[in-house]
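S.K.: Okay, so here is work.cif, and as you'll see once you scroll down, it has mmCIF, C-alpha atoms and all ligand atoms.
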data_structure
loop_
_atom_site.label_atom_id
_atom_site.label_comp_id
_atom_site.auth_asym_id
_atom_site.auth_seq_id
_atom_site.Cartn_x
_atom_site.Cartn_y
_atom_site.Cartn_z
CA MET O 27 -7.44 -2.08 -30.36
CA GLU O 28 -7.56 -2.61 -34.13
CA GLN O 29 -5.06 -0.73 -36.23
CA ALA O 30 -6.09 0.35 -39.76
CA ILE O 31 -3.32 -0.54 -42.22
CA LEU O 32 -3.70 0.85 -45.73
CA PHE O 33 -1.47 0.04 -48.73
CA THR O 34 -1.45 2.55 -51.54
CA GLU O 35 0.28 3.65 -54.71
CA ASP O 36 -1.20 7.10 -54.14
CA ILE O 37 -0.06 8.28 -50.70
CA VAL O 38 -1.10 11.91 -51.36
CA ASN O 39 -4.81 11.17 -51.80
CA THR O 40 -4.95 8.19 -49.43
CA SER O 41 -3.47 10.23 -46.58
CA GLN O 42 -5.68 13.26 -47.32
CA ASP O 43 -8.79 11.04 -47.28
CA PHE O 44 -7.67 9.20 -44.14
CA LEU O 45 -6.94 12.42 -42.23
CA ASN O 46 -10.18 14.02 -43.40
CA ALA O 47 -12.05 11.08 -41.90
CA CYS O 48 -10.28 11.47 -38.52
CA ASP O 49 -11.95 13.66 -35.95
CA TYR O 50 -9.28 15.96 -34.44
CA ASP O 51 -8.94 19.58 -33.34
CA ARG O 52 -5.27 20.21 -34.24
CA LEU O 53 -2.99 18.26 -36.54
CA PHE O 54 0.76 17.89 -35.95
CA VAL O 55 3.37 16.29 -38.21
CA LEU O 56 6.61 14.87 -36.87
CA THR O 57 9.54 14.54 -39.29
CA ASP O 58 13.30 14.28 -38.96
CA GLU O 59 15.71 16.46 -40.95
CA HIS O 60 15.74 13.91 -43.78
CA THR O 61 12.04 13.25 -44.12
CA ARG O 62 11.23 16.97 -43.81
CA ASN O 63 13.40 17.53 -46.91
CA LEU O 64 12.70 14.32 -48.85
CA ALA O 65 9.23 13.04 -47.88
CA LEU O 66 7.14 16.09 -46.97
CA PRO O 67 7.73 17.78 -50.37
CA LEU O 68 5.97 14.81 -52.05
CA PHE O 69 2.73 16.29 -50.68
CA PRO O 70 1.32 19.46 -52.32
CA SER O 71 1.34 22.66 -50.27
CA SER O 72 -2.46 22.50 -49.91
CA HIS O 73 -2.28 19.00 -48.36
CA LEU O 74 -3.30 18.64 -44.71
CA LEU O 75 0.22 17.48 -43.84
CA ASN O 76 1.66 20.76 -45.07
CA LEU O 77 -0.99 22.83 -43.27
CA ALA O 78 -0.38 21.03 -39.96
CA ASP O 79 1.94 22.24 -37.16
CA GLN O 80 5.41 20.93 -38.00
CA ILE O 81 7.80 19.30 -35.53
CA THR O 82 11.27 18.30 -36.74
CA ILE O 83 13.96 16.44 -34.80
CA GLY O 84 17.47 15.23 -35.71
CA ALA O 85 17.75 12.19 -37.97
CA GLY O 86 19.24 8.82 -36.98
CA ASP O 87 19.11 6.45 -34.03
CA VAL O 88 21.33 8.77 -31.93
CA HIS O 89 18.38 11.16 -31.74
CA LYS O 90 15.93 8.51 -30.50
CA ASN O 91 16.34 9.90 -27.00
CA MET O 92 14.86 11.98 -24.18
CA ASP O 93 15.99 15.29 -25.73
CA SER O 94 14.00 14.65 -28.92
CA LEU O 95 11.04 13.44 -26.90
CA VAL O 96 11.04 16.66 -24.85
CA ALA O 97 11.33 18.69 -28.08
CA VAL O 98 8.16 17.00 -29.41
CA TRP O 99 6.25 17.54 -26.16
CA GLN O 100 7.33 21.19 -26.07
CA VAL O 101 5.83 21.92 -29.50
CA LEU O 102 2.65 19.98 -28.68
CA SER O 103 2.26 21.85 -25.41
CA ARG O 104 3.20 25.31 -26.75
CA ASN O 105 0.90 24.98 -29.76
CA GLY O 106 -2.13 23.99 -27.76
CA ALA O 107 -2.42 20.25 -28.45
CA THR O 108 -5.32 18.67 -26.60
CA ARG O 109 -6.48 15.08 -26.05
CA LYS O 110 -8.36 15.47 -29.35
CA SER O 111 -5.26 16.37 -31.36
CA LEU O 112 -3.61 14.01 -33.84
CA LEU O 113 0.11 13.46 -34.48
CA VAL O 114 1.28 12.10 -37.84
CA ASN O 115 4.70 10.43 -37.74
CA LEU O 116 6.32 10.73 -41.17
CA GLY O 117 9.61 8.86 -41.23
CA GLY O 118 11.48 5.64 -40.60
CA GLY O 119 11.36 3.43 -37.51
CA MET O 120 13.08 6.04 -35.33
CA ILE O 121 10.30 8.59 -36.02
CA THR O 122 7.38 6.16 -35.71
CA ASP O 123 8.79 4.66 -32.47
CA LEU O 124 9.58 8.02 -30.86
CA GLY O 125 6.50 9.82 -32.18
CA GLY O 126 4.27 6.95 -31.10
CA PHE O 127 5.68 7.12 -27.57
CA ALA O 128 5.49 10.94 -27.44
CA ALA O 129 1.81 10.75 -28.42
CA SER O 130 1.06 7.86 -26.04
CA ALA O 131 2.32 9.78 -23.00
CA PHE O 132 1.19 13.34 -23.86
CA LYS O 133 -1.86 14.21 -21.72
CA ARG O 134 -2.03 10.44 -21.00
CA GLY O 135 -2.37 9.68 -24.69
CA ILE O 136 -3.31 11.35 -27.94
CA ARG O 137 -3.88 9.49 -31.20
CA PHE O 138 -1.19 9.10 -33.83
CA VAL O 139 -0.89 7.94 -37.44
CA ASN O 140 2.26 6.38 -38.90
CA ILE O 141 3.39 7.02 -42.46
CA PRO O 142 6.60 4.98 -42.77
CA THR O 143 9.10 6.20 -45.35
CA THR O 144 11.52 3.25 -45.26
CA LEU O 145 10.99 -0.40 -46.10
CA LEU O 146 12.24 -1.40 -42.64
CA GLY O 147 9.77 0.98 -41.02
CA ALA O 148 6.88 -0.16 -43.21
CA VAL O 149 7.38 -3.86 -42.66
CA ASP O 150 8.20 -3.72 -38.97
CA ALA O 151 8.46 -0.63 -36.76
CA ALA O 152 5.36 1.28 -37.91
CA VAL O 153 3.08 -1.73 -37.47
CA GLY O 154 2.15 -3.54 -34.28
CA GLY O 155 2.11 -0.88 -31.56
CA LYS O 156 5.66 -0.99 -30.19
CA THR O 157 6.75 2.56 -29.32
CA GLY O 158 9.73 3.88 -27.42
CA ILE O 159 13.14 5.51 -27.16
CA ASN O 160 16.69 4.43 -26.34
CA PHE O 161 17.83 5.12 -22.77
CA ASN O 162 21.00 4.63 -20.76
CA GLY O 163 22.79 3.11 -23.78
CA LEU O 164 20.04 0.51 -24.26
CA LYS O 165 17.86 0.31 -27.37
CA ASN O 166 14.10 0.81 -26.92
CA GLU O 167 14.55 0.70 -23.15
CA ILE O 168 11.60 3.02 -22.40
CA GLY O 169 8.31 2.66 -24.23
CA VAL O 170 4.79 1.28 -24.33
CA PHE O 171 2.66 -0.94 -26.52
CA ASN O 172 0.11 1.33 -28.16
CA PRO O 173 -1.12 0.94 -31.74
CA ALA O 174 -1.34 3.83 -34.18
CA GLU O 175 -4.79 4.95 -35.27
CA GLY O 176 -3.68 4.06 -38.77
CA VAL O 177 -0.60 3.04 -40.74
CA LEU O 178 -0.46 4.30 -44.32
CA ILE O 179 2.05 2.32 -46.37
CA SER O 180 3.33 3.34 -49.79
CA THR O 181 6.42 2.38 -51.78
CA GLN O 182 6.45 5.88 -53.33
CA PHE O 183 8.97 6.98 -50.70
CA PHE O 184 11.35 4.16 -51.54
CA SER O 185 12.82 5.57 -54.74
CA SER O 186 15.18 7.69 -52.61
CA LEU O 187 16.36 4.65 -50.59
CA SER O 188 19.71 3.00 -51.26
CA ARG O 189 19.93 -0.68 -52.14
CA HIS O 190 21.41 -1.21 -48.65
CA GLU O 191 18.36 0.38 -47.00
CA LEU O 192 16.00 -1.72 -49.11
CA LEU O 193 17.91 -4.91 -48.31
CA SER O 194 17.84 -4.04 -44.63
CA GLY O 195 14.03 -3.92 -44.65
CA TYR O 196 13.84 -6.99 -46.88
CA ALA O 197 15.50 -9.11 -44.17
CA GLU O 198 12.45 -8.56 -41.94
CA MET O 199 10.26 -9.65 -44.86
CA LEU O 200 12.36 -12.81 -45.24
CA LYS O 201 11.79 -13.42 -41.53
CA HIS O 202 8.03 -13.06 -42.03
CA GLY O 203 8.30 -15.53 -44.93
CA LEU O 204 10.15 -18.08 -42.81
CA ILE O 205 7.64 -17.95 -39.96
CA SER O 206 4.50 -17.90 -42.14
CA ASN O 207 4.47 -20.46 -44.98
CA LYS O 208 6.41 -21.84 -47.95
CA ASP O 209 4.39 -19.82 -50.46
CA VAL O 210 5.21 -16.41 -49.00
CA TYR O 211 8.81 -17.50 -48.39
CA GLN O 212 9.41 -18.77 -51.95
CA LYS O 213 7.99 -15.59 -53.51
CA LEU O 214 10.41 -13.51 -51.46
CA LEU O 215 13.41 -15.60 -52.51
CA ALA O 216 12.36 -15.17 -56.17
CA TYR O 217 12.25 -11.34 -56.02
CA ASP O 218 15.16 -9.81 -57.93
CA PHE O 219 16.54 -6.51 -56.62
CA GLU O 220 18.24 -5.86 -59.97
CA TYR O 221 14.82 -5.34 -61.54
CA LEU O 222 13.24 -3.34 -58.76
CA SER O 223 9.52 -2.80 -59.30
CA LEU O 224 7.86 -0.69 -56.62
CA THR O 225 4.45 -2.10 -57.61
CA GLU O 226 5.65 -5.67 -57.10
CA MET O 227 7.35 -4.60 -53.87
CA LEU O 228 4.08 -3.11 -52.57
CA ARG O 229 2.34 -6.44 -53.20
CA LEU O 230 5.04 -8.41 -51.37
CA LEU O 231 5.07 -5.85 -48.58
CA GLU O 232 1.32 -6.15 -48.11
CA GLU O 233 1.58 -9.93 -47.84
CA SER O 234 4.46 -9.58 -45.40
CA VAL O 235 2.80 -6.99 -43.16
CA LYS O 236 -0.29 -9.23 -43.00
CA VAL O 237 1.89 -11.93 -41.42
CA LYS O 238 2.86 -9.52 -38.64
CA GLU O 239 -0.65 -8.08 -38.33
CA HIS O 240 -2.12 -11.56 -37.83
CA ILE O 241 0.37 -12.41 -35.06
CA VAL O 242 0.02 -9.04 -33.30
CA LYS O 243 -3.77 -9.37 -33.26
CA ILE O 244 -3.46 -12.62 -31.30
CA ASP O 245 -0.72 -11.39 -28.96
CA PRO O 246 -0.33 -7.57 -28.95
CA CYS O 247 1.96 -7.39 -25.90
CA GLU O 248 4.39 -10.21 -26.76
CA LYS O 249 3.38 -12.65 -24.05
CA GLY O 250 3.44 -15.63 -26.41
CA VAL O 251 3.18 -16.10 -30.18
CA ARG O 252 4.45 -12.59 -30.96
CA LYS O 253 7.86 -13.90 -29.89
CA ALA O 254 7.92 -15.67 -33.29
CA LEU O 255 8.76 -12.21 -34.71
CA ASN O 256 12.06 -12.38 -32.81
CA LEU O 257 13.43 -15.08 -35.13
CA GLY O 258 16.96 -14.14 -36.18
CA HIS O 259 17.17 -11.31 -33.66
CA THR O 260 18.98 -13.00 -30.74
CA VAL O 261 22.11 -13.72 -32.80
CA GLY O 262 21.35 -10.70 -35.03
CA HIS O 263 21.47 -8.24 -32.11
CA ALA O 264 24.77 -9.77 -30.95
CA PHE O 265 26.25 -9.24 -34.45
CA GLU O 266 24.90 -5.68 -34.49
CA SER O 267 26.40 -4.89 -31.06
CA LEU O 268 29.76 -6.41 -32.00
CA SER O 269 29.83 -4.37 -35.21
CA HIS O 270 29.22 -1.18 -33.19
CA GLU O 271 31.96 -2.09 -30.71
CA GLN O 272 34.33 -2.62 -33.65
CA ASN O 273 33.38 0.82 -35.04
CA SER O 274 32.12 -0.73 -38.21
CA PRO O 275 28.32 -0.74 -37.70
CA VAL O 276 26.19 -2.94 -39.93
CA PRO O 277 22.55 -2.07 -40.81
CA HIS O 278 19.98 -3.73 -38.53
CA GLY O 279 18.46 -5.81 -41.32
CA PHE O 280 21.84 -7.15 -42.43
CA ALA O 281 22.51 -8.35 -38.87
CA VAL O 282 19.04 -9.96 -38.87
CA ALA O 283 19.74 -11.75 -42.19
CA TRP O 284 22.97 -13.26 -40.81
CA GLY O 285 21.23 -13.94 -37.49
CA LEU O 286 18.50 -15.83 -39.35
CA VAL O 287 21.10 -18.13 -40.91
CA CYS O 288 22.67 -18.87 -37.49
CA GLU O 289 19.30 -19.45 -35.84
CA LEU O 290 18.26 -21.83 -38.63
CA LEU O 291 21.50 -23.71 -37.95
CA ILE O 292 20.54 -23.89 -34.26
CA SER O 293 17.02 -24.94 -35.34
CA HIS O 294 18.57 -27.76 -37.37
CA GLN O 295 20.44 -29.08 -34.34
CA LYS O 296 17.55 -28.77 -31.92
CA LEU O 297 14.42 -29.25 -34.06
CA GLN O 298 15.71 -30.95 -37.24
CA PHE O 299 14.98 -27.91 -39.43
CA PRO O 300 15.82 -29.21 -42.95
CA SER O 301 19.43 -28.59 -44.02
CA ALA O 302 18.40 -28.30 -47.70
CA VAL O 303 16.38 -25.15 -46.86
CA ILE O 304 19.35 -23.73 -44.94
CA SER O 305 21.69 -24.19 -47.85
CA VAL O 306 19.39 -22.31 -50.28
CA PHE O 307 18.63 -19.57 -47.73
CA SER O 308 22.26 -19.04 -46.73
CA ARG O 309 23.23 -18.80 -50.42
CA TYR O 310 20.56 -16.09 -50.90
CA VAL O 311 21.84 -14.19 -47.86
CA TYR O 312 25.48 -14.53 -48.95
CA ASP O 313 24.71 -13.33 -52.50
CA ASN O 314 22.69 -10.31 -51.35
CA TYR O 315 24.07 -9.36 -47.93
CA GLY O 316 27.62 -10.68 -48.06
CA ALA O 317 29.06 -12.13 -44.84
CA PHE O 318 29.41 -10.77 -41.31
CA PRO O 319 33.08 -11.42 -40.60
CA PHE O 320 34.00 -12.95 -37.26
CA SER O 321 36.45 -15.57 -36.04
CA CYS O 322 36.41 -18.17 -33.27
CA ASP O 323 38.07 -15.56 -31.03
CA ASP O 324 34.70 -13.70 -31.06
CA TYR O 325 32.52 -16.69 -30.07
CA GLU O 326 32.66 -16.15 -26.28
CA HIS O 327 31.94 -12.45 -26.57
CA LEU O 328 29.05 -12.99 -29.01
CA TYR O 329 27.59 -15.56 -26.61
CA ASP O 330 28.01 -13.12 -23.73
CA LEU O 331 26.17 -10.42 -25.72
CA MET O 332 23.32 -12.90 -26.25
CA THR O 333 23.05 -13.55 -22.52
CA HIS O 334 22.29 -9.81 -22.07
CA ASP O 335 19.49 -9.73 -24.66
CA LYS O 336 16.32 -8.18 -23.22
CA LYS O 337 14.22 -11.07 -24.56
CA ASN O 338 15.85 -13.42 -22.05
CA GLU O 339 14.07 -14.57 -18.92
CA ALA O 340 15.70 -15.69 -15.66
CA GLY O 341 19.18 -15.38 -17.20
CA VAL O 342 18.49 -18.01 -19.91
CA ILE O 343 18.93 -17.07 -23.60
CA ASN O 344 15.51 -17.09 -25.24
CA PHE O 345 15.37 -18.10 -28.90
CA THR O 346 12.55 -18.45 -31.35
CA LEU O 347 13.46 -21.41 -33.58
CA LEU O 348 11.79 -23.17 -36.50
CA SER O 349 11.01 -26.86 -36.97
CA GLU O 350 10.23 -26.13 -40.65
CA VAL O 351 9.24 -23.14 -42.77
CA GLY O 352 5.99 -21.82 -41.27
CA LYS O 353 6.44 -23.65 -37.94
CA PRO O 354 8.01 -21.33 -35.35
CA VAL O 355 8.70 -22.70 -31.88
CA ILE O 356 8.98 -20.02 -29.19
CA ASN O 357 10.74 -20.04 -25.79
CA GLN O 358 13.63 -22.23 -26.87
CA THR O 359 17.11 -22.13 -25.45
CA ALA O 360 20.45 -23.45 -26.70
CA ASP O 361 23.62 -24.21 -24.77
CA LYS O 362 26.98 -22.73 -25.63
CA GLU O 363 28.13 -25.82 -27.54
CA THR O 364 25.07 -25.72 -29.85
CA VAL O 365 25.55 -22.00 -30.51
CA PHE O 366 29.27 -22.45 -31.21
CA ILE O 367 28.53 -25.31 -33.66
CA ALA O 368 26.12 -22.94 -35.46
CA PHE O 369 28.90 -20.32 -35.63
CA ASP O 370 31.30 -22.93 -37.10
CA LEU O 371 28.73 -23.97 -39.72
CA TYR O 372 27.92 -20.32 -40.53
CA ARG O 373 31.61 -19.59 -41.12
CA ASP O 374 31.86 -22.64 -43.42
CA LEU O 375 28.78 -21.58 -45.41
CA PHE O 376 30.04 -17.99 -45.66
CA ARG O 377 33.61 -19.05 -46.51
CA LEU O 378 35.14 -17.27 -43.51
N1 LIG P 1 9.85 -6.25 -34.23
C1 LIG P 1 9.14 -7.34 -33.72
C2 LIG P 1 7.82 -6.95 -33.13
O1 LIG P 1 7.29 -5.92 -33.44
O2 LIG P 1 7.32 -7.70 -32.33
#
Starting from the coordinates I provided, produce the structure as structure tokens.

M.R.:
Amino acid sequence: MEQAILFTEDIVNTSQDFLNACDYDRLFVLTDEHTRNLALPLFPSSHLLNLADQITIGAGDVHKNMDSLVAVWQVLSRNGATRKSLLVNLGGGMITDLGGFAASAFKRGIRFVNIPTTLLGAVDAAVGGKTGINFNGLKNEIGVFNPAEGVLISTQFFSSLSRHELLSGYAEMLKHGLISNKDVYQKLLAYDFEYLSLTEMLRLLEESVKVKEHIVKIDPCEKGVRKALNLGHTVGHAFESLSHEQNSPVPHGFAVAWGLVCELLISHQKLQFPSAVISVFSRYVYDNYGAFPFSCDDYEHLYDLMTHDKKNEAGVINFTLLSEVGKPVINQTADKETVFIAFDLYRDLFRL
């Protein structure tokens, strides 16, 4: 199913027009405690989003769970939602993932619209039909592929985001640049966060989301080419897990940025990805994201974390690698020695 993706500098009117064109009997809006206070007030009181039935759940990944899901279903059920009702998810990736899943299962599926309020949500989670919740200590363990009726993307929400939150989303854009082509990639490296322009960011974001949209159209359920979107995430998830175990959690996008560097180093060993590109990219990551600190004592554990990644098949670590910018190669594996050499090189590049 096609997913309408609109980019706008006027989210108030674009969303009003979009919702007016949707045929529904009751409208519901899902927010978390942050987006209820920060995003919803951007819409006037007469706007459809403010006239809709409101559902609010706790903010943060800890609330991406069964309890929040049940809370959403309870309001839908109590307030008479039918198969013709529409749920708008207004928030970051946690809200669009959870709301998308709640809608997909309620009465065997009602339609939903995503309005992402973070850069990470706009460039990744809200687009492409992955929905779900965390379960049993595992991220996104329960969920379905089901695209939103529409995704309405605006940078107007981003003025309340910290530089860290923006950088976290930007890492996914860098990933899209690396897997698409040199043009998109170079433009991203040239963008200067010191002189943040939301108009320029919207343009880059549109280009970046189109990369994902194109891939998802070909392979909506990640049987093949969609795996290209996993670049940087095998090592990135291991860094993220280690940081949680060490009680010093790093933002998802930061882990992805460092994971991208390591996976380019693996790509160099296995597919001759050019070292000159790695040195420029790792410099960019170091300057903007700093370094994820680890020592050779962590290598075995990081490798072990990678062997438990849910992207693996038949117990073999599954990587997406690159032979050059714009040329992803899916279903690759790398032995321990290759991964450890990448860790050594990463620590040299990041002066650890
Ligand atoms: N986050 C990668 C994907 O949506 O496939």

S.K.: Residues at most 12 Å from ligand LIG 1 (chain P), using all atoms listed in the file? Could they come as an mmCIF file with C-alpha atoms, in the frame of the given file?

M.R.:
data_model
loop_
_atom_site.group_PDB
_atom_site.id
_atom_site.type_symbol
_atom_site.label_atom_id
_atom_site.label_comp_id
_atom_site.auth_asym_id
_atom_site.auth_seq_id
_atom_site.Cartn_x
_atom_site.Cartn_y
_atom_site.Cartn_z
ATOM 1 C CA GLY O 119 11.360 3.430 -37.510
ATOM 2 C CA ASP O 123 8.790 4.660 -32.470
ATOM 3 C CA LEU O 146 12.240 -1.400 -42.640
ATOM 4 C CA GLY O 147 9.770 0.980 -41.020
ATOM 5 C CA ALA O 148 6.880 -0.160 -43.210
ATOM 6 C CA VAL O 149 7.380 -3.860 -42.660
ATOM 7 C CA ASP O 150 8.200 -3.720 -38.970
ATOM 8 C CA ALA O 151 8.460 -0.630 -36.760
ATOM 9 C CA ALA O 152 5.360 1.280 -37.910
ATOM 10 C CA VAL O 153 3.080 -1.730 -37.470
ATOM 11 C CA GLY O 154 2.150 -3.540 -34.280
ATOM 12 C CA GLY O 155 2.110 -0.880 -31.560
ATOM 13 C CA LYS O 156 5.660 -0.990 -30.190
ATOM 14 C CA THR O 157 6.750 2.560 -29.320
ATOM 15 C CA GLY O 158 9.730 3.880 -27.420
ATOM 16 C CA ASN O 166 14.100 0.810 -26.920
ATOM 17 C CA VAL O 170 4.790 1.280 -24.330
ATOM 18 C CA PHE O 171 2.660 -0.940 -26.520
ATOM 19 C CA ASN O 172 0.110 1.330 -28.160
ATOM 20 C CA PRO O 173 -1.120 0.940 -31.740
ATOM 21 C CA GLY O 195 14.030 -3.920 -44.650
ATOM 22 C CA ALA O 197 15.500 -9.110 -44.170
ATOM 23 C CA GLU O 198 12.450 -8.560 -41.940
ATOM 24 C CA MET O 199 10.260 -9.650 -44.860
ATOM 25 C CA LYS O 201 11.790 -13.420 -41.530
ATOM 26 C CA HIS O 202 8.030 -13.060 -42.030
ATOM 27 C CA VAL O 235 2.800 -6.990 -43.160
ATOM 28 C CA VAL O 237 1.890 -11.930 -41.420
ATOM 29 C CA LYS O 238 2.860 -9.520 -38.640
ATOM 30 C CA GLU O 239 -0.650 -8.080 -38.330
ATOM 31 C CA HIS O 240 -2.120 -11.560 -37.830
ATOM 32 C CA ILE O 241 0.370 -12.410 -35.060
ATOM 33 C CA VAL O 242 0.020 -9.040 -33.300
ATOM 34 C CA LYS O 243 -3.770 -9.370 -33.260
ATOM 35 C CA ILE O 244 -3.460 -12.620 -31.300
ATOM 36 C CA ASP O 245 -0.720 -11.390 -28.960
ATOM 37 C CA PRO O 246 -0.330 -7.570 -28.950
ATOM 38 C CA CYS O 247 1.960 -7.390 -25.900
ATOM 39 C CA GLU O 248 4.390 -10.210 -26.760
ATOM 40 C CA LYS O 249 3.380 -12.650 -24.050
ATOM 41 C CA GLY O 250 3.440 -15.630 -26.410
ATOM 42 C CA VAL O 251 3.180 -16.100 -30.180
ATOM 43 C CA ARG O 252 4.450 -12.590 -30.960
ATOM 44 C CA LYS O 253 7.860 -13.900 -29.890
ATOM 45 C CA ALA O 254 7.920 -15.670 -33.290
ATOM 46 C CA LEU O 255 8.760 -12.210 -34.710
ATOM 47 C CA ASN O 256 12.060 -12.380 -32.810
ATOM 48 C CA LEU O 257 13.430 -15.080 -35.130
ATOM 49 C CA GLY O 258 16.960 -14.140 -36.180
ATOM 50 C CA HIS O 259 17.170 -11.310 -33.660
ATOM 51 C CA THR O 260 18.980 -13.000 -30.740
ATOM 52 C CA HIS O 263 21.470 -8.240 -32.110
ATOM 53 C CA HIS O 278 19.980 -3.730 -38.530
ATOM 54 C CA GLY O 279 18.460 -5.810 -41.320
ATOM 55 C CA VAL O 282 19.040 -9.960 -38.870
ATOM 56 C CA LYS O 337 14.220 -11.070 -24.560
ATOM 57 C CA THR O 346 12.550 -18.450 -31.350
#

S.K.: Using only C-alpha atoms, which of the listed residues (O:Leu328, O:Leu348, O:Ala65, O:Ala129) sits closest to Ser180 of chain O?

M.R.: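 The shortest atom-to-atom distance to Ser180 of chain O comes from O:Ala65.
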
S.K.: Using Å and a single decimal, report how far atom CA of Ala85 of chain O sits from atom CA of Glu59 of chain O.

M.R.: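 That distance, rounded to one decimal, is 5.6 Å.
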
S.K.: Pick the closest to Gly118 of chain O from O:Leu290, O:Ala340, O:Leu347, O:Leu56: which is it, counting all atoms listed in the file?

M.R.: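 Closest to Gly118 of chain O of all the choices is O:Leu56.
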
S.K.: Distance atom CA of Ala128 of chain O-atom CA of Leu95 of chain O, one decimal place?

M.R.: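 For atom CA of Ala128 of chain O relative to atom CA of Leu95 of chain O, the distance reads 6.1 Å.
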
S.K.: Within 9 Å of (11.3, -24.3, -42.8) (coordinates as in the file), grab all the protein and nucleic acid residues, counting all atoms listed in the file, and write them out as a PyMOL selection string.

M.R.: chain O and resi 204-205+207-208+290+299-300+303-304+348-354

S.K.: Would you kindly identify which residues have an atom no farther than 6 Å from (-6.2, 18.8, -32.5), using only C-alpha atoms and the file's own coordinates, and write them out as a list in words?

M.R.: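 Residues with an atom close enough to that point: Tyr50, Asp51, Arg52, Leu53, Ala107, Thr108, Lys110, Ser111 and Leu112 of chain O.
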
S.K.: Can you pull out every residue within 9 Å of Tyr329 of chain O, counting only C-alpha atoms, but drop anything in the same chain fewer than 5 positions away, and send it as a CSV table (one decimal) with C-alpha atoms, keeping the file's coordinate frame?

M.R.:
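Once written, out.csv looks like this:
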chain,number,residue,atom,x,y,z
O,261,VAL,CA,22.1,-13.7,-32.8
O,264,ALA,CA,24.8,-9.8,-31.0
O,324,ASP,CA,34.7,-13.7,-31.1
O,362,LYS,CA,27.0,-22.7,-25.6
O,365,VAL,CA,25.6,-22.0,-30.5
O,366,PHE,CA,29.3,-22.4,-31.2
